[in-house]
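Listing of structure11.pdb, PDB, N, CA and C atoms
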ATOM      1  N   MET D   1       0.856  -1.171   0.000  1.00  0.00           N
ATOM      2  CA  MET D   1       0.000   0.000   0.000  1.00  0.00           C
ATOM      3  C   MET D   1       0.902   1.235   0.000  1.00  0.00           C
ATOM      4  N   ARG D   2       0.458   2.275  -0.686  1.00  0.00           N
ATOM      5  CA  ARG D   2       1.281   3.468  -0.844  1.00  0.00           C
ATOM      6  C   ARG D   2       0.491   4.710  -0.413  1.00  0.00           C
ATOM      7  N   ILE D   3       1.190   5.641   0.200  1.00  0.00           N
ATOM      8  CA  ILE D   3       0.592   6.923   0.579  1.00  0.00           C
ATOM      9  C   ILE D   3       0.664   7.840  -0.637  1.00  0.00           C
ATOM     10  N   THR D   4      -0.471   8.518  -0.951  1.00  0.00           N
ATOM     11  CA  THR D   4      -0.506   9.423  -2.099  1.00  0.00           C
ATOM     12  C   THR D   4       0.238  10.711  -1.781  1.00  0.00           C
ATOM     13  N   THR D   5       0.428  11.553  -2.797  1.00  0.00           N
ATOM     14  CA  THR D   5       1.089  12.842  -2.598  1.00  0.00           C
ATOM     15  C   THR D   5       0.286  13.753  -1.681  1.00  0.00           C
ATOM     16  N   LYS D   6      -1.009  13.464  -1.536  1.00  0.00           N
ATOM     17  CA  LYS D   6      -1.869  14.240  -0.631  1.00  0.00           C
ATOM     18  C   LYS D   6      -1.887  13.648   0.777  1.00  0.00           C
ATOM     19  N   GLY D   7      -1.094  12.596   1.006  1.00  0.00           N
ATOM     20  CA  GLY D   7      -1.041  11.984   2.324  1.00  0.00           C
ATOM     21  C   GLY D   7      -2.188  11.033   2.596  1.00  0.00           C
ATOM     22  N   GLN D   8      -2.836  10.552   1.553  1.00  0.00           N
ATOM     23  CA  GLN D   8      -3.987   9.668   1.710  1.00  0.00           C
ATOM     24  C   GLN D   8      -3.609   8.224   1.479  1.00  0.00           C
ATOM     25  N   VAL D   9      -4.351   7.342   2.146  1.00  0.00           N
ATOM     26  CA  VAL D   9      -4.182   5.913   1.959  1.00  0.00           C
ATOM     27  C   VAL D   9      -5.571   5.287   1.987  1.00  0.00           C
ATOM     28  N   THR D  10      -5.786   4.246   1.203  1.00  0.00           N
ATOM     29  CA  THR D  10      -7.080   3.567   1.172  1.00  0.00           C
ATOM     30  C   THR D  10      -7.073   2.415   2.163  1.00  0.00           C
ATOM     31  N   ILE D  11      -8.044   2.423   3.071  1.00  0.00           N
ATOM     32  CA  ILE D  11      -8.204   1.307   4.003  1.00  0.00           C
ATOM     33  C   ILE D  11      -9.011   0.246   3.270  1.00  0.00           C
ATOM     34  N   PRO D  12      -8.499  -0.975   3.173  1.00  0.00           N
ATOM     35  CA  PRO D  12      -9.219  -2.019   2.445  1.00  0.00           C
ATOM     36  C   PRO D  12     -10.641  -2.212   2.972  1.00  0.00           C
ATOM     37  N   GLN D  13     -11.567  -2.479   2.053  1.00  0.00           N
ATOM     38  CA  GLN D  13     -12.979  -2.602   2.401  1.00  0.00           C
ATOM     39  C   GLN D  13     -13.217  -3.657   3.476  1.00  0.00           C
ATOM     40  N   SER D  14     -12.534  -4.777   3.395  1.00  0.00           N
ATOM     41  CA  SER D  14     -12.742  -5.836   4.388  1.00  0.00           C
ATOM     42  C   SER D  14     -12.395  -5.353   5.795  1.00  0.00           C
ATOM     43  N   ILE D  15     -11.362  -4.535   5.917  1.00  0.00           N
ATOM     44  CA  ILE D  15     -10.978  -3.991   7.225  1.00  0.00           C
ATOM     45  C   ILE D  15     -11.986  -2.949   7.677  1.00  0.00           C
ATOM     46  N   ARG D  16     -12.431  -2.084   6.758  1.00  0.00           N
ATOM     47  CA  ARG D  16     -13.439  -1.069   7.112  1.00  0.00           C
ATOM     48  C   ARG D  16     -14.713  -1.729   7.622  1.00  0.00           C
ATOM     49  N   GLU D  17     -15.153  -2.783   6.929  1.00  0.00           N
ATOM     50  CA  GLU D  17     -16.387  -3.464   7.338  1.00  0.00           C
ATOM     51  C   GLU D  17     -16.218  -4.170   8.674  1.00  0.00           C
ATOM     52  N   ARG D  18     -15.097  -4.838   8.871  1.00  0.00           N
ATOM     53  CA  ARG D  18     -14.854  -5.592  10.102  1.00  0.00           C
ATOM     54  C   ARG D  18     -14.747  -4.665  11.315  1.00  0.00           C
ATOM     55  N   THR D  19     -14.233  -3.465  11.118  1.00  0.00           N
ATOM     56  CA  THR D  19     -14.010  -2.546  12.237  1.00  0.00           C
ATOM     57  C   THR D  19     -15.075  -1.459  12.353  1.00  0.00           C
ATOM     58  N   GLY D  20     -16.014  -1.417  11.406  1.00  0.00           N
ATOM     59  CA  GLY D  20     -17.079  -0.414  11.473  1.00  0.00           C
ATOM     60  C   GLY D  20     -16.631   0.978  11.104  1.00  0.00           C
ATOM     61  N   LEU D  21     -15.622   1.091  10.278  1.00  0.00           N
ATOM     62  CA  LEU D  21     -15.156   2.403   9.818  1.00  0.00           C
ATOM     63  C   LEU D  21     -15.998   2.826   8.614  1.00  0.00           C
ATOM     64  N   LEU D  22     -17.116   3.457   8.904  1.00  0.00           N
ATOM     65  CA  LEU D  22     -18.045   3.906   7.865  1.00  0.00           C
ATOM     66  C   LEU D  22     -17.646   5.285   7.374  1.00  0.00           C
ATOM     67  N   PRO D  23     -18.184   5.730   6.240  1.00  0.00           N
ATOM     68  CA  PRO D  23     -17.900   7.099   5.782  1.00  0.00           C
ATOM     69  C   PRO D  23     -18.245   8.109   6.870  1.00  0.00           C
ATOM     70  N   ASN D  24     -17.426   9.122   7.011  1.00  0.00           N
ATOM     71  CA  ASN D  24     -17.554  10.214   7.982  1.00  0.00           C
ATOM     72  C   ASN D  24     -17.270   9.786   9.414  1.00  0.00           C
ATOM     73  N   THR D  25     -16.692   8.604   9.615  1.00  0.00           N
ATOM     74  CA  THR D  25     -16.274   8.192  10.952  1.00  0.00           C
ATOM     75  C   THR D  25     -15.041   9.001  11.336  1.00  0.00           C
ATOM     76  N   GLU D  26     -15.072   9.609  12.512  1.00  0.00           N
ATOM     77  CA  GLU D  26     -13.913  10.358  12.999  1.00  0.00           C
ATOM     78  C   GLU D  26     -12.876   9.370  13.515  1.00  0.00           C
ATOM     79  N   VAL D  27     -11.632   9.583  13.148  1.00  0.00           N
ATOM     80  CA  VAL D  27     -10.548   8.714  13.590  1.00  0.00           C
ATOM     81  C   VAL D  27      -9.413   9.557  14.159  1.00  0.00           C
ATOM     82  N   GLU D  28      -8.547   8.897  14.916  1.00  0.00           N
ATOM     83  CA  GLU D  28      -7.359   9.538  15.467  1.00  0.00           C
ATOM     84  C   GLU D  28      -6.150   8.694  15.114  1.00  0.00           C
ATOM     85  N   PHE D  29      -4.994   9.328  15.017  1.00  0.00           N
ATOM     86  CA  PHE D  29      -3.745   8.624  14.780  1.00  0.00           C
ATOM     87  C   PHE D  29      -2.931   8.661  16.068  1.00  0.00           C
ATOM     88  N   LEU D  30      -2.491   7.493  16.518  1.00  0.00           N
ATOM     89  CA  LEU D  30      -1.672   7.395  17.720  1.00  0.00           C
ATOM     90  C   LEU D  30      -0.284   6.928  17.318  1.00  0.00           C
ATOM     91  N   VAL D  31       0.736   7.683  17.730  1.00  0.00           N
ATOM     92  CA  VAL D  31       2.123   7.312  17.436  1.00  0.00           C
ATOM     93  C   VAL D  31       2.659   6.589  18.657  1.00  0.00           C
ATOM     94  N   GLU D  32       3.119   5.349  18.444  1.00  0.00           N
ATOM     95  CA  GLU D  32       3.610   4.521  19.549  1.00  0.00           C
ATOM     96  C   GLU D  32       4.888   3.808  19.124  1.00  0.00           C
ATOM     97  N   GLU D  33       5.991   4.137  19.750  1.00  0.00           N
ATOM     98  CA  GLU D  33       7.260   3.452  19.519  1.00  0.00           C
ATOM     99  C   GLU D  33       7.580   3.263  18.026  1.00  0.00           C
ATOM    100  N   GLY D  34       7.517   4.331  17.279  1.00  0.00           N
ATOM    101  CA  GLY D  34       7.886   4.267  15.877  1.00  0.00           C
ATOM    102  C   GLY D  34       6.819   3.716  14.939  1.00  0.00           C
ATOM    103  N   SER D  35       5.630   3.430  15.449  1.00  0.00           N
ATOM    104  CA  SER D  35       4.540   2.962  14.590  1.00  0.00           C
ATOM    105  C   SER D  35       3.342   3.879  14.769  1.00  0.00           C
ATOM    106  N   VAL D  36       2.378   3.742  13.873  1.00  0.00           N
ATOM    107  CA  VAL D  36       1.177   4.573  13.917  1.00  0.00           C
ATOM    108  C   VAL D  36      -0.037   3.664  13.965  1.00  0.00           C
ATOM    109  N   ARG D  37      -0.966   3.970  14.883  1.00  0.00           N
ATOM    110  CA  ARG D  37      -2.226   3.224  14.969  1.00  0.00           C
ATOM    111  C   ARG D  37      -3.367   4.154  14.614  1.00  0.00           C
ATOM    112  N   LEU D  38      -4.326   3.631  13.871  1.00  0.00           N
ATOM    113  CA  LEU D  38      -5.535   4.360  13.513  1.00  0.00           C
ATOM    114  C   LEU D  38      -6.649   3.820  14.400  1.00  0.00           C
ATOM    115  N   VAL D  39      -7.308   4.714  15.163  1.00  0.00           N
ATOM    116  CA  VAL D  39      -8.389   4.291  16.058  1.00  0.00           C
ATOM    117  C   VAL D  39      -9.592   5.204  15.873  1.00  0.00           C
ATOM    118  N   LYS D  40     -10.774   4.662  16.141  1.00  0.00           N
ATOM    119  CA  LYS D  40     -11.970   5.501  16.110  1.00  0.00           C
ATOM    120  C   LYS D  40     -11.850   6.545  17.203  1.00  0.00           C
ATOM    121  N   ALA D  41     -12.228   7.769  16.889  1.00  0.00           N
ATOM    122  CA  ALA D  41     -12.209   8.842  17.874  1.00  0.00           C
ATOM    123  C   ALA D  41     -13.361   8.646  18.844  1.00  0.00           C
ATOM    124  N   ALA D  42     -13.172   9.124  20.051  1.00  0.00           N
ATOM    125  CA  ALA D  42     -14.245   9.073  21.036  1.00  0.00           C
ATOM    126  C   ALA D  42     -15.415   9.904  20.526  1.00  0.00           C
ATOM    127  N   VAL D  43     -16.621   9.450  20.777  1.00  0.00           N
ATOM    128  CA  VAL D  43     -17.816  10.149  20.293  1.00  0.00           C
ATOM    129  C   VAL D  43     -17.860  11.550  20.894  1.00  0.00           C
ATOM    130  N   GLY D  44     -18.160  12.515  20.047  1.00  0.00           N
ATOM    131  CA  GLY D  44     -18.313  13.893  20.502  1.00  0.00           C
ATOM    132  C   GLY D  44     -17.008  14.650  20.666  1.00  0.00           C
ATOM    133  N   VAL D  45     -15.902  14.113  20.202  1.00  0.00           N
ATOM    134  CA  VAL D  45     -14.621  14.794  20.326  1.00  0.00           C
ATOM    135  C   VAL D  45     -14.634  16.091  19.532  1.00  0.00           C
ATOM    136  N   ARG D  46     -15.175  16.036  18.330  1.00  0.00           N
ATOM    137  CA  ARG D  46     -15.169  17.202  17.457  1.00  0.00           C
ATOM    138  C   ARG D  46     -16.599  17.532  17.051  1.00  0.00           C
ATOM    139  N   PRO D  47     -17.035  18.784  17.246  1.00  0.00           N
ATOM    140  CA  PRO D  47     -18.402  19.143  16.839  1.00  0.00           C
ATOM    141  C   PRO D  47     -18.567  19.074  15.324  1.00  0.00           C
ATOM    142  N   THR D  48     -19.794  18.826  14.896  1.00  0.00           N
ATOM    143  CA  THR D  48     -20.083  18.774  13.470  1.00  0.00           C
ATOM    144  C   THR D  48     -19.943  20.168  12.869  1.00  0.00           C
ATOM    145  N   ARG D  49     -19.889  20.238  11.540  1.00  0.00           N
ATOM    146  CA  ARG D  49     -19.805  21.546  10.876  1.00  0.00           C
ATOM    147  C   ARG D  49     -21.015  22.400  11.215  1.00  0.00           C
ATOM    148  N   GLY D  50     -22.190  21.772  11.299  1.00  0.00           N
ATOM    149  CA  GLY D  50     -23.406  22.509  11.645  1.00  0.00           C
ATOM    150  C   GLY D  50     -23.329  23.088  13.042  1.00  0.00           C
ATOM    151  N   ALA D  51     -22.854  22.287  13.987  1.00  0.00           N
ATOM    152  CA  ALA D  51     -22.723  22.759  15.372  1.00  0.00           C
ATOM    153  C   ALA D  51     -21.710  23.897  15.458  1.00  0.00           C
ATOM    154  N   GLN D  52     -20.624  23.802  14.683  1.00  0.00           N
ATOM    155  CA  GLN D  52     -19.637  24.878  14.664  1.00  0.00           C
ATOM    156  C   GLN D  52     -20.236  26.165  14.110  1.00  0.00           C
ATOM    157  N   ALA D  53     -21.046  26.057  13.060  1.00  0.00           N
ATOM    158  CA  ALA D  53     -21.679  27.240  12.466  1.00  0.00           C
ATOM    159  C   ALA D  53     -22.636  27.891  13.446  1.00  0.00           C
ATOM    160  N   VAL D  54     -23.443  27.088  14.124  1.00  0.00           N
ATOM    161  CA  VAL D  54     -24.393  27.631  15.112  1.00  0.00           C
ATOM    162  C   VAL D  54     -23.637  28.332  16.234  1.00  0.00           C
ATOM    163  N   ARG D  55     -22.557  27.720  16.717  1.00  0.00           N
ATOM    164  CA  ARG D  55     -21.764  28.333  17.788  1.00  0.00           C
ATOM    165  C   ARG D  55     -21.218  29.687  17.348  1.00  0.00           C
ATOM    166  N   ARG D  56     -20.672  29.749  16.105  1.00  0.00           N
ATOM    167  CA  ARG D  56     -20.134  31.021  15.606  1.00  0.00           C
ATOM    168  C   ARG D  56     -21.229  32.084  15.504  1.00  0.00           C
ATOM    169  N   LEU D  57     -22.394  31.692  15.019  1.00  0.00           N
ATOM    170  CA  LEU D  57     -23.490  32.652  14.895  1.00  0.00           C
ATOM    171  C   LEU D  57     -23.932  33.166  16.255  1.00  0.00           C
ATOM    172  N   ARG D  58     -23.995  32.279  17.233  1.00  0.00           N
ATOM    173  CA  ARG D  58     -24.387  32.705  18.583  1.00  0.00           C
ATOM    174  C   ARG D  58     -23.350  33.628  19.207  1.00  0.00           C
ATOM    175  N   GLU D  59     -22.074  33.370  18.948  1.00  0.00           N
ATOM    176  CA  GLU D  59     -21.009  34.197  19.516  1.00  0.00           C
ATOM    177  C   GLU D  59     -20.975  35.593  18.902  1.00  0.00           C
ATOM    178  N   HIS D  60     -21.366  35.711  17.644  1.00  0.00           N
ATOM    179  CA  HIS D  60     -21.244  36.990  16.942  1.00  0.00           C
ATOM    180  C   HIS D  60     -22.601  37.621  16.655  1.00  0.00           C
ATOM    181  N   GLY D  61     -23.592  37.282  17.435  1.00  0.00           N
ATOM    182  CA  GLY D  61     -24.929  37.821  17.210  1.00  0.00           C
ATOM    183  C   GLY D  61     -25.063  39.283  17.580  1.00  0.00           C
ATOM    184  N   GLY D  62     -24.117  39.817  18.303  1.00  0.00           N
ATOM    185  CA  GLY D  62     -24.153  41.223  18.674  1.00  0.00           C
ATOM    186  C   GLY D  62     -25.175  41.541  19.746  1.00  0.00           C
ATOM    187  N   GLY D  63     -25.801  40.538  20.305  1.00  0.00           N
ATOM    188  CA  GLY D  63     -26.756  40.771  21.383  1.00  0.00           C
ATOM    189  C   GLY D  63     -28.091  41.321  20.923  1.00  0.00           C
ATOM    190  N   VAL D  64     -28.332  41.431  19.620  1.00  0.00           N
ATOM    191  CA  VAL D  64     -29.598  41.943  19.109  1.00  0.00           C
ATOM    192  C   VAL D  64     -30.629  40.835  19.203  1.00  0.00           C
ATOM    193  N   ARG D  65     -31.734  41.107  19.858  1.00  0.00           N
ATOM    194  CA  ARG D  65     -32.797  40.119  19.999  1.00  0.00           C
ATOM    195  C   ARG D  65     -33.995  40.581  19.172  1.00  0.00           C
ATOM    196  N   MET D  66     -34.414  39.742  18.242  1.00  0.00           N
ATOM    197  CA  MET D  66     -35.551  40.066  17.392  1.00  0.00           C
ATOM    198  C   MET D  66     -36.496  38.874  17.357  1.00  0.00           C
ATOM    199  N   THR D  67     -37.782  39.170  17.257  1.00  0.00           N
ATOM    200  CA  THR D  67     -38.755  38.107  17.105  1.00  0.00           C
ATOM    201  C   THR D  67     -38.751  37.653  15.645  1.00  0.00           C
ATOM    202  N   THR D  68     -39.359  36.521  15.384  1.00  0.00           N
ATOM    203  CA  THR D  68     -39.464  36.029  14.014  1.00  0.00           C
ATOM    204  C   THR D  68     -40.201  37.031  13.142  1.00  0.00           C
ATOM    205  N   ASP D  69     -41.286  37.608  13.665  1.00  0.00           N
ATOM    206  CA  ASP D  69     -42.045  38.603  12.894  1.00  0.00           C
ATOM    207  C   ASP D  69     -41.192  39.833  12.570  1.00  0.00           C
ATOM    208  N   GLU D  70     -40.365  40.270  13.508  1.00  0.00           N
ATOM    209  CA  GLU D  70     -39.495  41.420  13.250  1.00  0.00           C
ATOM    210  C   GLU D  70     -38.463  41.096  12.168  1.00  0.00           C
ATOM    211  N   ILE D  71     -37.920  39.897  12.196  1.00  0.00           N
ATOM    212  CA  ILE D  71     -36.944  39.496  11.181  1.00  0.00           C
ATOM    213  C   ILE D  71     -37.606  39.423   9.810  1.00  0.00           C
ATOM    214  N   LEU D  72     -38.804  38.827   9.728  1.00  0.00           N
ATOM    215  CA  LEU D  72     -39.513  38.735   8.453  1.00  0.00           C
ATOM    216  C   LEU D  72     -39.849  40.116   7.912  1.00  0.00           C
ATOM    217  N   THR D  73     -40.274  41.015   8.772  1.00  0.00           N
ATOM    218  CA  THR D  73     -40.587  42.384   8.348  1.00  0.00           C
ATOM    219  C   THR D  73     -39.333  43.049   7.788  1.00  0.00           C
ATOM    220  N   LEU D  74     -38.213  42.882   8.473  1.00  0.00           N
ATOM    221  CA  LEU D  74     -36.963  43.465   8.040  1.00  0.00           C
ATOM    222  C   LEU D  74     -36.510  42.897   6.695  1.00  0.00           C
ATOM    223  N   THR D  75     -36.584  41.575   6.519  1.00  0.00           N
ATOM    224  CA  THR D  75     -36.103  40.970   5.277  1.00  0.00           C
ATOM    225  C   THR D  75     -37.043  41.238   4.110  1.00  0.00           C
ATOM    226  N   ARG D  76     -38.316  41.466   4.378  1.00  0.00           N
ATOM    227  CA  ARG D  76     -39.282  41.723   3.301  1.00  0.00           C
ATOM    228  C   ARG D  76     -39.349  43.197   2.929  1.00  0.00           C
ATOM    229  N   GLY D  77     -38.689  44.032   3.730  1.00  0.00           N
ATOM    230  CA  GLY D  77     -38.675  45.446   3.435  1.00  0.00           C
ATOM    231  C   GLY D  77     -39.986  46.146   3.775  1.00  0.00           C
ATOM    232  N   GLU D  78     -40.752  45.537   4.660  1.00  0.00           N
ATOM    233  CA  GLU D  78     -42.033  46.151   5.064  1.00  0.00           C
ATOM    234  C   GLU D  78     -41.767  47.197   6.130  1.00  0.00           C
ATOM    235  N   SER D  79     -42.629  48.202   6.195  1.00  0.00           N
ATOM    236  CA  SER D  79     -42.466  49.271   7.179  1.00  0.00           C
ATOM    237  C   SER D  79     -43.462  49.154   8.298  1.00  0.00           C
TER     238      SER D  79
END

Structure encoded using structure tokens:
Amino acid sequence: MRITTKGQVTIPQSIRERTGLLPNTEVEFLVEEGSVRLVKAAVGVRPTRGAQAVRRLREHGGGVRMTTDEILTLTRGES
């Protein structure tokens, strides 16, 4: 097996199926005595992209509180 120029390697399907490494499974690399182990990451280690976006929006909301009706009025250009 060879590592690509992008640092990628294909895990054989039989190993993925046997170990439950499905698409989008988070993994970690552990370096131990000159070798590398690939292990499933603990659940919840890294927030999803959606959770990260929501967190950023909440942090930068500027403290402005608007009702849904106020937001709709503003976006529709109603007075």

Given the file shown, determine the residues that the PyMOL selection byres (((chain D and resi 18-29 and name CA) around 9) and name CA) selects; report them as a PDB file with N, CA and C atoms, in the coordinates of the input.
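Heads up, here's the output in out-v2.pdb:
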ATOM      1  N   GLN D  13     -11.567  -2.479   2.053  1.00  0.00           N
ATOM      2  CA  GLN D  13     -12.979  -2.602   2.401  1.00  0.00           C
ATOM      3  C   GLN D  13     -13.217  -3.657   3.476  1.00  0.00           C
ATOM      4  N   SER D  14     -12.534  -4.777   3.395  1.00  0.00           N
ATOM      5  CA  SER D  14     -12.742  -5.836   4.388  1.00  0.00           C
ATOM      6  C   SER D  14     -12.395  -5.353   5.795  1.00  0.00           C
ATOM      7  N   ILE D  15     -11.362  -4.535   5.917  1.00  0.00           N
ATOM      8  CA  ILE D  15     -10.978  -3.991   7.225  1.00  0.00           C
ATOM      9  C   ILE D  15     -11.986  -2.949   7.677  1.00  0.00           C
ATOM     10  N   ARG D  16     -12.431  -2.084   6.758  1.00  0.00           N
ATOM     11  CA  ARG D  16     -13.439  -1.069   7.112  1.00  0.00           C
ATOM     12  C   ARG D  16     -14.713  -1.729   7.622  1.00  0.00           C
ATOM     13  N   GLU D  17     -15.153  -2.783   6.929  1.00  0.00           N
ATOM     14  CA  GLU D  17     -16.387  -3.464   7.338  1.00  0.00           C
ATOM     15  C   GLU D  17     -16.218  -4.170   8.674  1.00  0.00           C
ATOM     16  N   LEU D  30      -2.491   7.493  16.518  1.00  0.00           N
ATOM     17  CA  LEU D  30      -1.672   7.395  17.720  1.00  0.00           C
ATOM     18  C   LEU D  30      -0.284   6.928  17.318  1.00  0.00           C
ATOM     19  N   VAL D  31       0.736   7.683  17.730  1.00  0.00           N
ATOM     20  CA  VAL D  31       2.123   7.312  17.436  1.00  0.00           C
ATOM     21  C   VAL D  31       2.659   6.589  18.657  1.00  0.00           C
ATOM     22  N   VAL D  36       2.378   3.742  13.873  1.00  0.00           N
ATOM     23  CA  VAL D  36       1.177   4.573  13.917  1.00  0.00           C
ATOM     24  C   VAL D  36      -0.037   3.664  13.965  1.00  0.00           C
ATOM     25  N   ARG D  37      -0.966   3.970  14.883  1.00  0.00           N
ATOM     26  CA  ARG D  37      -2.226   3.224  14.969  1.00  0.00           C
ATOM     27  C   ARG D  37      -3.367   4.154  14.614  1.00  0.00           C
ATOM     28  N   LEU D  38      -4.326   3.631  13.871  1.00  0.00           N
ATOM     29  CA  LEU D  38      -5.535   4.360  13.513  1.00  0.00           C
ATOM     30  C   LEU D  38      -6.649   3.820  14.400  1.00  0.00           C
ATOM     31  N   VAL D  39      -7.308   4.714  15.163  1.00  0.00           N
ATOM     32  CA  VAL D  39      -8.389   4.291  16.058  1.00  0.00           C
ATOM     33  C   VAL D  39      -9.592   5.204  15.873  1.00  0.00           C
ATOM     34  N   LYS D  40     -10.774   4.662  16.141  1.00  0.00           N
ATOM     35  CA  LYS D  40     -11.970   5.501  16.110  1.00  0.00           C
ATOM     36  C   LYS D  40     -11.850   6.545  17.203  1.00  0.00           C
ATOM     37  N   ALA D  41     -12.228   7.769  16.889  1.00  0.00           N
ATOM     38  CA  ALA D  41     -12.209   8.842  17.874  1.00  0.00           C
ATOM     39  C   ALA D  41     -13.361   8.646  18.844  1.00  0.00           C
ATOM     40  N   ALA D  42     -13.172   9.124  20.051  1.00  0.00           N
ATOM     41  CA  ALA D  42     -14.245   9.073  21.036  1.00  0.00           C
ATOM     42  C   ALA D  42     -15.415   9.904  20.526  1.00  0.00           C
ATOM     43  N   VAL D  43     -16.621   9.450  20.777  1.00  0.00           N
ATOM     44  CA  VAL D  43     -17.816  10.149  20.293  1.00  0.00           C
ATOM     45  C   VAL D  43     -17.860  11.550  20.894  1.00  0.00           C
ATOM     46  N   VAL D  45     -15.902  14.113  20.202  1.00  0.00           N
ATOM     47  CA  VAL D  45     -14.621  14.794  20.326  1.00  0.00           C
ATOM     48  C   VAL D  45     -14.634  16.091  19.532  1.00  0.00           C
ATOM     49  N   ARG D  46     -15.175  16.036  18.330  1.00  0.00           N
ATOM     50  CA  ARG D  46     -15.169  17.202  17.457  1.00  0.00           C
ATOM     51  C   ARG D  46     -16.599  17.532  17.051  1.00  0.00           C
TER      52      ARG D  46
END

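With atom CA of D:Leu74 on one side and atom C of D:Gly50 on the other, the separation reads 25.0 Å.
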
- DSSP on the backbone: what in chain D comes out strand (DSSP E or B), as a ChimeraX atom specification? /D:27-32,35-40

- Task: as a count of residues only, list the residues of stretch 2-76 of chain D assigned to alpha helix (DSSP H) by DSSP on the backbone atoms of this structure.
- Result: 27

- Interatomic distance, atom N of D:Ile71 to atom CA of D:Pro47 (Å, one decimal): 28.9 Å

- Task: For atom CA of D:Arg56 and atom CA of D:Glu78, quote the distance in Å rounded to one decimal.
- Result: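 Distance reported for this atom pair: 28.6 Å.
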
Around stretch 2-8 of chain D, with edges along x, y and z and 6 Å added on all six sides, what centre and edge lengths do you get, in Å to one decimal, as lines of an AutoDock Vina configuration file?
center_x = -1.4
center_y = 8.3
center_z = -0.1
size_x = 17.3
size_y = 24.0
size_z = 17.4
